[in-house]
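In what follows, a structure is listed as structure tokens, so that the remarks can point back to it.
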Amino acid sequence: MKILSIQSSVAYGHVGNSAAVFPLQRLGHEVWPVLTVHFSNHTGYGSWRGPMLAPADVAEVIAGIADRGVLGSADAVLSGYQGDPAMGAVILDAVDKVKTANPDAVYCCDPVMGDVGRGMFVRAGIPEYLRDVVVPRADIITPNQFELDFLAGATTTSLAGLLAAVDVVRETGPRHVLVTSVLHDDVPAGSLEVVAVSDEGAWAVTTPLLPINPNGGGDVTAALYLAHLRTTGAPATALERTIASVYAVLEATLAAGTREIQLIAAQDAIAEPPTRFVARQLR
């Protein structure tokens with residue numbers, strides 16, 4: 001595939017495009033990374049250096065790609081953290097341009113807003129903007145359970161409630177929903193689930209819960225799920241392959257005792273996802 005990925009970038013570590021591009025390339029896909037910021041490191045360290053790009057500058061980069069006459073060959077647009085509605089508008093404009101040139105192209109949005117224990121960590125107004133403007137325009141979204149609850153206006157504590165919340169969100173536009181970091185009443189102790197829902201059905205994968213929560217894992221997950229979903233056309237297969245690779249990355253990160261995800265060390269498990277987790281059909 002050819003993927004236009006509009007995300008942040010860091011020189012040190014792996015978040016945003018610095019987390020998404022390499023795994024996609026390792027799977028053999030062509031990626032056109034467009035940067036929204038270029039920081040020294042991710043903001044979780046508490047300090048960083050480097051510029052935020054103005055939305056107009058990002059739009060200029062995308063316009064330059066369009067000048068090459070290649071937008072029609074793009075199979076997908078991928079986006080993550082959107083810190084400003086003006087940047088969101090640039091991304092949605094790019095989605096429109098790509099889909100006009102190639103109606104079969106899809107938009108995959110990771111609606112980054114917050115997480116359990118941290119609450120919302122984006123600026124005021126961004127969650128509502130994502131819910132009301134961006135998510136309805138997406139074909140694929142990859143929220144965590146906390147973000148899904150906000151998008152659906154629900155508090156999910158059961159699997160049935162989670163699926164009902166996904167259905168509420170799918171009615172607004174996106175047909176494929178991947179929910180990460182899922183904990184409900186029936187998840188075994190010491191485990192975590194990831195749930196994929198599409199028109200074809202719903203599936204879940206259960207994994208052991210690792211004692212780490214590094215930055216960038218969600219960015220890798222969104223990129224891999226987009227890639228596997230588009231190349232296989234099978235949500236269950238895409239779910240199994242994505243989680244097998246991400247879990248291997250997290251295992252390597254835990255073993256290394258590092259703060260940054262070990263994409264390079266675990267790259268073989270990205271290129272060839274191990275047969276490790278089996279998706280069970282929920283409906």
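Each chain in the structure tokens gets a letter, A, B, ..., in the order shown, and its residues are numbered from 1; ligands are numbered from 1 in order too.
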
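Here the strand (DSSP E) residues in stretch 108-172 of chain A, by DSSP on the backbone, are Cys108, Cys109, Gly114, Asp115, Gly119, Met120, Ile140 and Ile141 of chain A.
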
Would you pick out the contacts of stretch 29-32 of chain A at 12 Å or less, using only C-alpha atoms, so that residues sharing its chain but fewer than 6 positions from it are not included, and give the list as a PDB file with C-alpha atoms, in the first residue's frame?
```pdb
ATOM      1  CA  MET A   1       0.000   0.000   0.000  1.00  0.00           C
ATOM      2  CA  LYS A   2       0.835   3.685  -0.148  1.00  0.00           C
ATOM      3  CA  ILE A   3      -0.079   5.499   3.061  1.00  0.00           C
ATOM      4  CA  LEU A   4      -0.159   9.238   3.741  1.00  0.00           C
ATOM      5  CA  SER A   5       0.633   9.452   7.464  1.00  0.00           C
ATOM      6  CA  ILE A   6       0.076  12.876   9.043  1.00  0.00           C
ATOM      7  CA  GLN A   7       1.456  12.801  12.577  1.00  0.00           C
ATOM      8  CA  ASN A  17       5.212   9.005  12.723  1.00  0.00           C
ATOM      9  CA  SER A  18       8.402   7.949  14.493  1.00  0.00           C
ATOM     10  CA  ALA A  20       4.201   4.289  12.718  1.00  0.00           C
ATOM     11  CA  VAL A  21       6.443   4.666   9.687  1.00  0.00           C
ATOM     12  CA  PHE A  22       9.048   1.974  10.367  1.00  0.00           C
ATOM     13  CA  PRO A  23       6.554  -0.829  11.129  1.00  0.00           C
ATOM     14  CA  VAL A  61       3.639  19.901   2.294  1.00  0.00           C
ATOM     15  CA  ILE A  62       0.482  17.998   1.369  1.00  0.00           C
ATOM     16  CA  GLY A  64       3.411  19.639  -2.745  1.00  0.00           C
ATOM     17  CA  ILE A  65       2.658  15.913  -2.731  1.00  0.00           C
ATOM     18  CA  ALA A  66      -0.511  16.647  -4.698  1.00  0.00           C
ATOM     19  CA  VAL A  70       0.308  10.940  -6.824  1.00  0.00           C
ATOM     20  CA  LEU A  71      -2.549  11.412  -4.352  1.00  0.00           C
ATOM     21  CA  SER A  73      -2.282   6.264  -5.772  1.00  0.00           C
ATOM     22  CA  ALA A  74      -2.632   6.597  -1.992  1.00  0.00           C
ATOM     23  CA  ASP A  75      -4.551   3.742  -0.433  1.00  0.00           C
ATOM     24  CA  ALA A  76      -4.993   5.286   3.007  1.00  0.00           C
ATOM     25  CA  VAL A  77      -4.567   8.333   5.212  1.00  0.00           C
ATOM     26  CA  LEU A  78      -3.422   7.745   8.788  1.00  0.00           C
ATOM     27  CA  SER A  79      -3.582  10.292  11.607  1.00  0.00           C
ATOM     28  CA  ALA A 223      -0.611   1.669  11.882  1.00  0.00           C
ATOM     29  CA  LEU A 224      -0.413  -2.118  12.000  1.00  0.00           C
ATOM     30  CA  LEU A 226      -4.688  -0.355   9.167  1.00  0.00           C
ATOM     31  CA  ALA A 227      -2.040  -2.270   7.224  1.00  0.00           C
ATOM     32  CA  HIS A 228      -3.261  -5.761   8.102  1.00  0.00           C
ATOM     33  CA  ARG A 230      -6.369  -3.441   4.197  1.00  0.00           C
ATOM     34  CA  THR A 231      -4.092  -6.222   3.002  1.00  0.00           C
ATOM     35  CA  ALA A 271       7.511  -8.227   9.584  1.00  0.00           C
TER      36      ALA A 271
END
```

**Message:** With distances taken over only C-alpha atoms, which residue among A:Val58, A:Val249, A:Ile91, A:Leu27 lies nearest A:Cys109?
**Reply:**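 With only C-alpha atoms as the atom set, the closest residue is A:Ile91.
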
**Message:** When DSSP is applied to the backbone of this structure, which of stretch 24-211 of chain A are assigned alpha helix (DSSP H)? Write them out as a PyMOL selection string.
**Reply:** chain A and resi 24-26+55-67+85-101+126-129+145-152+159-170

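If only C-alpha atoms are the atoms counted, then among A:Cys108, A:Ala248, A:Leu35, A:Ala94 the closest residue to A:Ala265 is A:Ala248.
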
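Counting only C-alpha atoms, A:Asp115 has the following residues at most 8 Å away, ignoring those fewer than 5 positions along the same chain: Met120, Asn144, Gln145, Phe146 and Glu147 of chain A.
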
For the residues selected in the previous step, produce a file with C-alpha atoms as an mmCIF file, in the first residue's frame.
```
data_model
loop_
_atom_site.group_PDB
_atom_site.id
_atom_site.type_symbol
_atom_site.label_atom_id
_atom_site.label_comp_id
_atom_site.auth_asym_id
_atom_site.auth_seq_id
_atom_site.Cartn_x
_atom_site.Cartn_y
_atom_site.Cartn_z
ATOM 1 C CA MET A 120 -8.169 13.791 29.178
ATOM 2 C CA ASN A 144 -8.788 2.894 23.796
ATOM 3 C CA GLN A 145 -11.703 2.009 26.070
ATOM 4 C CA PHE A 146 -11.582 5.378 27.842
ATOM 5 C CA GLU A 147 -11.796 7.196 24.512
#
```

**Item:** Residues near A:Asp139, cut-off 6 Å, only C-alpha atoms, skip fewer than 3 positions along chain, as an NGL selection string
**Value:** :A and (106-107 or 174-175)

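The nearest approach to A:Ala164 among the residues A:Ile261, A:Val197, A:Pro214, A:Val135, with only C-alpha atoms taken into account, belongs to A:Val197.
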